[in-house]
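Dropping coords-v4.csv in here (CSV, N, CA and C atoms):
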chain,number,residue,atom,x,y,z
U,270,PHE,N,65.4,164.8,2.3
U,270,PHE,CA,66.4,165.8,2.0
U,270,PHE,C,66.1,167.1,2.8
U,271,VAL,N,67.1,167.5,3.6
U,271,VAL,CA,66.9,168.7,4.4
U,271,VAL,C,67.9,169.8,3.9
U,272,TYR,N,67.5,171.1,3.9
U,272,TYR,CA,68.3,172.1,3.3
U,272,TYR,C,68.3,173.4,4.2
U,273,GLY,N,67.7,173.3,5.4
U,273,GLY,CA,67.6,174.5,6.3
U,273,GLY,C,68.0,174.1,7.7
U,274,THR,N,67.1,174.5,8.6
U,274,THR,CA,67.3,174.3,10.0
U,274,THR,C,67.5,172.9,10.4
U,275,LEU,N,66.9,172.0,9.7
U,275,LEU,CA,67.0,170.5,10.0
U,275,LEU,C,68.4,170.0,9.7
U,276,MET,N,69.3,170.8,9.1
U,276,MET,CA,70.7,170.4,9.0
U,276,MET,C,71.5,170.6,10.3
U,277,ILE,N,70.8,171.3,11.2
U,277,ILE,CA,71.4,171.7,12.5
U,277,ILE,C,71.1,170.6,13.5
U,278,GLU,N,72.2,170.0,14.0
U,278,GLU,CA,72.0,168.8,14.8
U,278,GLU,C,71.0,169.0,16.0
U,279,SER,N,71.2,170.2,16.7
U,279,SER,CA,70.4,170.4,17.9
U,279,SER,C,68.9,170.5,17.5
U,280,VAL,N,68.6,171.1,16.3
U,280,VAL,CA,67.2,171.2,15.9
U,280,VAL,C,66.6,169.9,15.6
U,281,THR,N,67.3,169.1,14.8
U,281,THR,CA,66.8,167.7,14.5
U,281,THR,C,66.7,166.8,15.7
U,282,LYS,N,67.7,166.9,16.6
U,282,LYS,CA,67.6,166.1,17.8
U,282,LYS,C,66.4,166.5,18.7
U,283,GLY,N,66.1,167.8,18.7
U,283,GLY,CA,65.0,168.3,19.5
U,283,GLY,C,63.7,167.8,18.9
U,284,LEU,N,63.6,167.6,17.6
U,284,LEU,CA,62.4,167.1,17.0
U,284,LEU,C,62.3,165.6,17.0
U,285,LEU,N,63.4,164.9,16.7
U,285,LEU,CA,63.4,163.4,16.5
U,285,LEU,C,64.0,162.7,17.7
U,286,ALA,N,64.6,163.4,18.6
U,286,ALA,CA,65.3,162.8,19.8
U,286,ALA,C,66.5,162.0,19.3
U,287,ARG,N,67.0,162.3,18.1
U,287,ARG,CA,68.3,161.7,17.6
U,287,ARG,C,68.6,162.5,16.4
U,288,PHE,N,69.9,162.3,16.0
U,288,PHE,CA,70.4,162.9,14.7
U,288,PHE,C,70.7,161.7,13.8
U,289,PRO,N,69.9,161.5,12.8
U,289,PRO,CA,70.1,160.3,12.0
U,289,PRO,C,71.4,160.4,11.2
U,290,GLU,N,71.8,159.2,10.7
U,290,GLU,CA,72.9,159.2,9.7
U,290,GLU,C,72.5,160.0,8.5
U,291,TYR,N,73.5,160.6,7.8
U,291,TYR,CA,73.1,161.5,6.7
U,291,TYR,C,74.2,161.4,5.7
U,292,VAL,N,73.9,161.9,4.5
U,292,VAL,CA,74.9,162.1,3.4
U,292,VAL,C,74.9,163.6,3.2
U,293,GLU,N,76.1,164.2,3.2
U,293,GLU,CA,76.3,165.6,2.9
U,293,GLU,C,76.5,165.9,1.5
U,294,LYS,N,76.4,167.2,1.1
U,294,LYS,CA,76.7,167.7,-0.2
U,294,LYS,C,75.8,167.0,-1.3
U,295,VAL,N,74.5,166.9,-0.9
U,295,VAL,CA,73.5,166.4,-1.8
U,295,VAL,C,72.9,167.6,-2.5
U,296,ARG,N,72.8,167.6,-3.8
U,296,ARG,CA,72.3,168.7,-4.6
U,296,ARG,C,70.9,168.5,-5.2
U,297,LEU,N,70.2,169.6,-5.1
U,297,LEU,CA,68.9,169.6,-5.8
U,297,LEU,C,69.0,170.7,-6.9
U,298,ARG,N,68.9,170.3,-8.1
U,298,ARG,CA,69.0,171.2,-9.2
U,298,ARG,C,67.6,171.8,-9.6
U,299,ASP,N,67.7,173.0,-10.2
U,299,ASP,CA,66.6,173.8,-10.6
U,299,ASP,C,65.6,174.2,-9.5
U,300,TYR,N,66.2,174.4,-8.3
U,300,TYR,CA,65.5,175.0,-7.2
U,300,TYR,C,66.5,176.0,-6.5
U,301,VAL,N,65.9,177.0,-5.9
U,301,VAL,CA,66.7,178.0,-5.1
U,301,VAL,C,66.1,178.0,-3.6
U,302,ARG,N,67.1,178.3,-2.7
U,302,ARG,CA,66.7,178.4,-1.3
U,302,ARG,C,66.6,179.9,-0.9
U,303,LEU,N,65.5,180.3,-0.4
U,303,LEU,CA,65.3,181.7,0.0
U,303,LEU,C,64.8,181.8,1.5
U,304,THR,N,65.0,182.9,2.1
U,304,THR,CA,64.6,183.1,3.4
U,304,THR,C,63.1,183.5,3.4
U,305,VAL,N,62.4,182.9,4.4
U,305,VAL,CA,61.0,183.3,4.6
U,305,VAL,C,61.0,184.6,5.4
U,306,ARG,N,60.3,185.6,4.8
U,306,ARG,CA,60.3,187.0,5.4
U,306,ARG,C,60.0,186.9,6.9
U,307,GLY,N,60.9,187.6,7.7
U,307,GLY,CA,60.7,187.7,9.2
U,307,GLY,C,60.9,186.4,9.9
U,308,GLU,N,61.4,185.4,9.3
U,308,GLU,CA,61.6,184.1,10.0
U,308,GLU,C,63.1,183.7,9.9
U,309,SER,N,63.4,182.7,10.6
U,309,SER,CA,64.8,182.2,10.7
U,309,SER,C,65.0,180.9,9.8
U,310,TYR,N,63.9,180.6,9.1
U,310,TYR,CA,64.0,179.3,8.3
U,310,TYR,C,63.8,179.6,6.8
U,311,PRO,N,64.3,178.7,6.0
U,311,PRO,CA,64.2,178.9,4.5
U,311,PRO,C,63.1,178.1,3.9
U,312,ALA,N,63.0,178.4,2.6
U,312,ALA,CA,62.0,177.6,1.8
U,312,ALA,C,62.7,177.4,0.4
U,313,ILE,N,62.3,176.4,-0.3
U,313,ILE,CA,62.8,176.3,-1.7
U,313,ILE,C,61.7,176.4,-2.7
U,314,ILE,N,62.0,177.0,-3.8
U,314,ILE,CA,61.1,177.1,-4.9
U,314,ILE,C,61.8,176.7,-6.2
U,315,ARG,N,61.0,176.2,-7.2
U,315,ARG,CA,61.6,175.8,-8.4
U,315,ARG,C,62.0,177.0,-9.2
U,316,GLU,N,63.3,177.0,-9.7
U,316,GLU,CA,63.8,178.0,-10.5
U,316,GLU,C,64.9,177.4,-11.4
U,317,GLU,N,64.7,177.5,-12.7
U,317,GLU,CA,65.6,176.9,-13.7
U,317,GLU,C,67.0,177.4,-13.5
U,318,GLY,N,68.0,176.5,-13.4
U,318,GLY,CA,69.4,176.9,-13.3
U,318,GLY,C,69.8,177.0,-11.8
U,319,GLY,N,68.9,177.0,-10.9
U,319,GLY,CA,69.3,177.1,-9.5
U,319,GLY,C,69.8,175.8,-8.9
U,320,GLU,N,70.4,175.9,-7.8
U,320,GLU,CA,70.9,174.7,-7.1
U,320,GLU,C,70.9,174.9,-5.6
U,321,VAL,N,70.4,173.9,-4.9
U,321,VAL,CA,70.4,173.9,-3.4
U,321,VAL,C,71.2,172.7,-2.9
U,322,GLU,N,72.1,173.0,-2.0
U,322,GLU,CA,72.9,171.9,-1.4
U,322,GLU,C,72.3,171.7,0.0
U,323,GLY,N,72.2,170.4,0.3
U,323,GLY,CA,71.6,170.0,1.6
U,323,GLY,C,72.1,168.7,2.0
U,324,MET,N,71.4,168.0,2.9
U,324,MET,CA,71.8,166.7,3.4
U,324,MET,C,70.6,165.7,3.2
U,325,LEU,N,71.0,164.5,3.0
U,325,LEU,CA,70.0,163.4,2.9
U,325,LEU,C,70.0,162.7,4.2
U,326,LEU,N,68.9,162.7,5.0
U,326,LEU,CA,68.8,162.0,6.2
U,326,LEU,C,68.5,160.5,5.9
U,327,LYS,N,69.2,159.6,6.6
U,327,LYS,CA,69.0,158.2,6.3
U,327,LYS,C,68.3,157.5,7.5
U,328,GLY,N,67.6,156.4,7.1
U,328,GLY,CA,67.0,155.6,8.2
U,328,GLY,C,65.9,156.2,9.0
U,329,ILE,N,65.1,157.1,8.3
U,329,ILE,CA,64.0,157.8,9.0
U,329,ILE,C,62.8,156.8,9.1
U,330,THR,N,62.4,156.6,10.3
U,330,THR,CA,61.2,155.7,10.6
U,330,THR,C,59.9,156.4,10.2
U,331,LYS,N,58.8,155.7,10.1
U,331,LYS,CA,57.5,156.2,9.8
U,331,LYS,C,57.1,157.2,10.8
U,332,GLU,N,57.4,157.0,12.1
U,332,GLU,CA,57.0,157.9,13.1
U,332,GLU,C,57.8,159.2,13.0
U,333,GLU,N,59.1,159.1,12.7
U,333,GLU,CA,59.9,160.3,12.5
U,333,GLU,C,59.4,161.1,11.2
U,334,GLU,N,59.0,160.4,10.2
U,334,GLU,CA,58.5,161.0,9.0
U,334,GLU,C,57.3,161.8,9.3
U,335,GLU,N,56.4,161.3,10.2
U,335,GLU,CA,55.2,162.0,10.6
U,335,GLU,C,55.6,163.3,11.4
U,336,LYS,N,56.6,163.1,12.2
U,336,LYS,CA,57.1,164.3,13.0
U,336,LYS,C,57.6,165.4,12.1
U,337,LEU,N,58.4,165.0,11.1
U,337,LEU,CA,58.9,165.9,10.1
U,337,LEU,C,57.7,166.6,9.3
U,338,ASP,N,56.7,165.8,8.9
U,338,ASP,CA,55.6,166.4,8.2
U,338,ASP,C,54.9,167.4,9.1
U,339,ASP,N,54.7,167.1,10.4
U,339,ASP,CA,54.1,168.1,11.3
U,339,ASP,C,54.9,169.3,11.4
U,340,TYR,N,56.2,169.1,11.5
U,340,TYR,CA,57.2,170.3,11.7
U,340,TYR,C,57.1,171.2,10.5
U,341,GLU,N,57.1,170.7,9.3
U,341,GLU,CA,57.0,171.5,8.1
U,341,GLU,C,55.7,172.1,7.9
U,342,GLY,N,54.6,171.4,8.3
U,342,GLY,CA,53.3,172.0,8.2
U,342,GLY,C,52.7,172.1,6.8
U,343,GLU,N,51.7,172.9,6.6
U,343,GLU,CA,51.0,173.1,5.4
U,343,GLU,C,51.7,174.1,4.5
U,344,MET,N,52.6,174.8,5.0
U,344,MET,CA,53.3,175.8,4.2
U,344,MET,C,54.2,175.1,3.1
U,345,TYR,N,54.5,173.9,3.4
U,345,TYR,CA,55.4,173.1,2.5
U,345,TYR,C,54.6,171.9,1.9
U,346,LYS,N,54.9,171.6,0.6
U,346,LYS,CA,54.4,170.4,0.0
U,346,LYS,C,55.5,169.4,-0.1
U,347,LYS,N,55.2,168.2,0.3
U,347,LYS,CA,56.1,167.1,0.3
U,347,LYS,C,56.1,166.4,-1.0
U,348,MET,N,57.3,166.4,-1.7
U,348,MET,CA,57.3,165.9,-3.1
U,348,MET,C,58.5,165.0,-3.2
U,349,ARG,N,58.4,163.9,-4.1
U,349,ARG,CA,59.5,163.1,-4.5
U,349,ARG,C,60.2,163.8,-5.6
U,350,ILE,N,61.5,164.0,-5.4
U,350,ILE,CA,62.3,164.8,-6.4
U,350,ILE,C,63.7,164.1,-6.5
U,351,GLU,N,64.2,164.1,-7.7
U,351,GLU,CA,65.6,163.5,-7.9
U,351,GLU,C,66.7,164.5,-7.4
U,352,LEU,N,67.6,163.9,-6.7
U,352,LEU,CA,68.7,164.7,-6.1
U,352,LEU,C,70.0,164.1,-6.7
U,353,GLU,N,71.1,164.8,-6.5
U,353,GLU,CA,72.4,164.3,-7.0
U,353,GLU,C,73.4,164.3,-5.9
U,354,HIS,N,74.2,163.2,-5.8
U,354,HIS,CA,75.3,163.1,-4.9
U,354,HIS,C,76.5,162.5,-5.6
U,355,ASP,N,77.6,163.2,-5.8
U,355,ASP,CA,78.7,162.8,-6.6
U,355,ASP,C,78.1,162.5,-8.0
U,356,ASP,N,78.2,161.4,-8.6
U,356,ASP,CA,77.7,161.0,-9.9
U,356,ASP,C,76.4,160.2,-9.8
U,357,GLU,N,75.9,160.1,-8.6
U,357,GLU,CA,74.7,159.2,-8.3
U,357,GLU,C,73.4,160.1,-8.3
U,358,ARG,N,72.4,159.6,-8.8
U,358,ARG,CA,71.0,160.2,-8.7
U,358,ARG,C,70.2,159.4,-7.7
U,359,ILE,N,69.6,160.2,-6.8
U,359,ILE,CA,68.8,159.7,-5.7
U,359,ILE,C,67.4,160.3,-5.7
U,360,GLU,N,66.4,159.5,-5.5
U,360,GLU,CA,65.0,160.1,-5.4
U,360,GLU,C,64.7,160.2,-3.9
U,361,ALA,N,64.2,161.3,-3.4
U,361,ALA,CA,63.9,161.5,-2.0
U,361,ALA,C,62.8,162.4,-1.8
U,362,TRP,N,62.2,162.4,-0.6
U,362,TRP,CA,61.2,163.4,-0.2
U,362,TRP,C,61.8,164.7,0.0
U,363,VAL,N,61.2,165.8,-0.5
U,363,VAL,CA,61.7,167.1,-0.3
U,363,VAL,C,60.5,168.0,0.0
U,364,TYR,N,60.6,168.9,1.0
U,364,TYR,CA,59.6,169.9,1.3
U,364,TYR,C,59.8,171.2,0.5
U,365,VAL,N,58.8,171.4,-0.4
U,365,VAL,CA,58.9,172.6,-1.3
U,365,VAL,C,57.8,173.6,-0.8
U,366,TRP,N,58.2,174.9,-0.9
U,366,TRP,CA,57.3,176.0,-0.5
U,366,TRP,C,56.0,175.9,-1.2
U,367,ASN,N,54.9,176.0,-0.4
U,367,ASN,CA,53.5,175.9,-0.9
U,367,ASN,C,52.7,177.1,-0.7
U,368,GLU,N,53.3,178.2,-0.4
U,368,GLU,CA,52.6,179.5,-0.1
U,368,GLU,C,52.9,180.5,-1.2
U,369,LYS,N,52.5,181.8,-0.9
U,369,LYS,CA,52.8,182.9,-1.9
U,369,LYS,C,54.2,183.2,-1.9
U,370,SER,N,54.7,183.4,-3.1
U,370,SER,CA,56.2,183.7,-3.3
U,370,SER,C,56.5,185.1,-2.7
U,371,GLU,N,55.5,185.9,-2.5
U,371,GLU,CA,55.8,187.3,-1.9
U,371,GLU,C,56.3,187.1,-0.4
U,372,LEU,N,56.1,186.0,0.2
U,372,LEU,CA,56.5,185.7,1.6
U,372,LEU,C,58.0,185.4,1.6
U,373,LEU,N,58.6,185.3,0.5
U,373,LEU,CA,60.0,184.9,0.4
U,373,LEU,C,60.9,186.1,0.1
U,374,CYS,N,62.1,186.2,0.6
U,374,CYS,CA,63.0,187.3,0.4
U,374,CYS,C,64.1,186.9,-0.5
U,375,ARG,N,64.2,187.5,-1.6
U,375,ARG,CA,65.2,187.2,-2.6
U,375,ARG,C,66.6,187.8,-2.3
U,376,LYS,N,66.5,189.0,-1.6
U,376,LYS,CA,67.8,189.7,-1.4
U,376,LYS,C,68.6,189.1,-0.2
U,377,ASP,N,68.0,188.3,0.6
U,377,ASP,CA,68.7,187.7,1.7
U,377,ASP,C,68.6,186.2,1.6
U,378,PRO,N,69.5,185.6,0.8
U,378,PRO,CA,69.4,184.1,0.7
U,378,PRO,C,69.7,183.5,2.1
U,379,TRP,N,69.0,182.4,2.4
U,379,TRP,CA,69.2,181.8,3.7
U,379,TRP,C,70.5,181.0,3.8
U,380,SER,N,71.2,181.1,4.9
U,380,SER,CA,72.4,180.3,5.2
U,380,SER,C,72.4,180.0,6.7
U,381,LEU,N,73.3,179.0,7.0
U,381,LEU,CA,73.4,178.7,8.5
U,381,LEU,C,73.8,179.9,9.3
U,382,SER,N,74.7,180.7,8.7
U,382,SER,CA,75.2,181.9,9.5
U,382,SER,C,74.0,182.9,9.7
U,383,TYR,N,73.1,183.0,8.7
U,383,TYR,CA,72.0,183.8,8.8
U,383,TYR,C,71.1,183.3,10.0
U,384,TRP,N,70.9,182.0,10.0
U,384,TRP,CA,70.1,181.4,11.1
U,384,TRP,C,70.7,181.7,12.4
U,385,GLU,N,72.0,181.6,12.6
U,385,GLU,CA,72.7,181.9,13.8
U,385,GLU,C,72.5,183.3,14.3
U,386,SER,N,72.7,184.3,13.3
U,386,SER,CA,72.6,185.7,13.7
U,386,SER,C,71.1,186.0,14.0
U,387,PHE,N,70.2,185.4,13.3
U,387,PHE,CA,68.7,185.6,13.6
U,387,PHE,C,68.4,185.2,15.0
U,388,ARG,N,68.9,184.0,15.4
U,388,ARG,CA,68.7,183.4,16.7
U,388,ARG,C,69.2,184.3,17.8
U,389,GLU,N,70.4,184.8,17.5
U,389,GLU,CA,71.1,185.7,18.5
U,389,GLU,C,70.3,187.0,18.7
U,390,LEU,N,69.8,187.6,17.6
U,390,LEU,CA,69.0,188.8,17.7
U,390,LEU,C,67.7,188.5,18.5
U,391,LYS,N,67.0,187.4,18.3
U,391,LYS,CA,65.8,187.0,19.0
U,391,LYS,C,66.0,186.8,20.5
U,392,SER,N,67.2,186.3,20.9
U,392,SER,CA,67.5,186.0,22.3
U,392,SER,C,67.9,187.3,23.1
U,393,ASN,N,68.3,188.4,22.4
U,393,ASN,CA,68.7,189.6,23.1
U,393,ASN,C,67.5,190.5,23.3
Before anything else, please render the file you have as structure tokens.
Amino acid sequence: FVYGTLMIESVTKGLLARFPEYVEKVRLRDYVRLTVRGESYPAIIREEGGEVEGMLLKGITKEEEEKLDDYEGEMYKKMRIELEHDDERIEAWVYVWNEKSELLCRKDPWSLSYWESFRELKSN
């Protein structure tokens, strides 16, 4: 399950050398997506009543899974969590924030448009 920069085809292709098949509008309940302070990427933390929409990547090989693990690093903990798509429940790997919550910014929730504006600022 991806919910941030890995939803962007060019980012995922750069990492895996392909963009896997995916399912859109997959929901993770009781979590919120926040921006990591000073960065262009998000993190999710458990929060009752929250909801994060993302994509479920399909057909990930073991080698690709290892690349994803390296990409996310130790700041994230990989956990099996139940997701929802339409009326179906799906269990999948999710990378959950594993650092201090003070490093997350609540006033600026992460979005794809935030990422694009952040990238533009960095390139100028």
Choose the residue, out of U:Trp379, U:Phe288, U:Tyr340, U:Tyr272, that has the smallest atom-to-atom separation from Val305 (chain U); count all atoms listed in the file.
U:Trp379
Can you tell me which residues surround Arg315 (chain U) at a distance of at most 6.5 Å, considering only N, CA and C atoms, apart from same-chain residues fewer than 2 positions away, and format the answer as a ChimeraX atom specification?
/U:299-301,313,317
Expressed in Å to a single decimal, how great is the separation between atom N of Glu322 (chain U) and atom N of Leu285 (chain U)?
22.2 Å
For CA of Val292 (chain U) and CA of Glu343 (chain U), the interatomic separation in Å (one decimal):
26.4 Å
From CA of Glu360 (chain U) to CA of Asp338 (chain U) the spacing works out at 17.7 Å
Nearest to Ile329 (chain U) by atom-to-atom distance, counting only N, CA and C atoms, from U:Asp355, U:Glu308, U:Glu290, U:Glu316:
U:Glu290
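Of the residues in region 323-387 of chain U, those that DSSP places in strand (DSSP E or B) on the basis of the backbone are Gly323, Met324, Leu325, Leu326, Tyr345, Lys346, Lys347, Met348, Arg349, Ile350, Glu351, Leu352, Glu353, His354, Glu357, Arg358, Ile359, Glu360, Ala361, Trp362, Val363, Tyr364, Val365, Trp366, Leu373 and Cys374 of chain U.
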Here's a test: counting only N, CA and C atoms, identify every protein, DNA and RNA residue with an atom at most 8 Å from (70.9, 166.2, 0.8) in the file's coordinate frame, and state them as number ranges by chain.
U: 270-272, 291-297, 321-326, 352-354
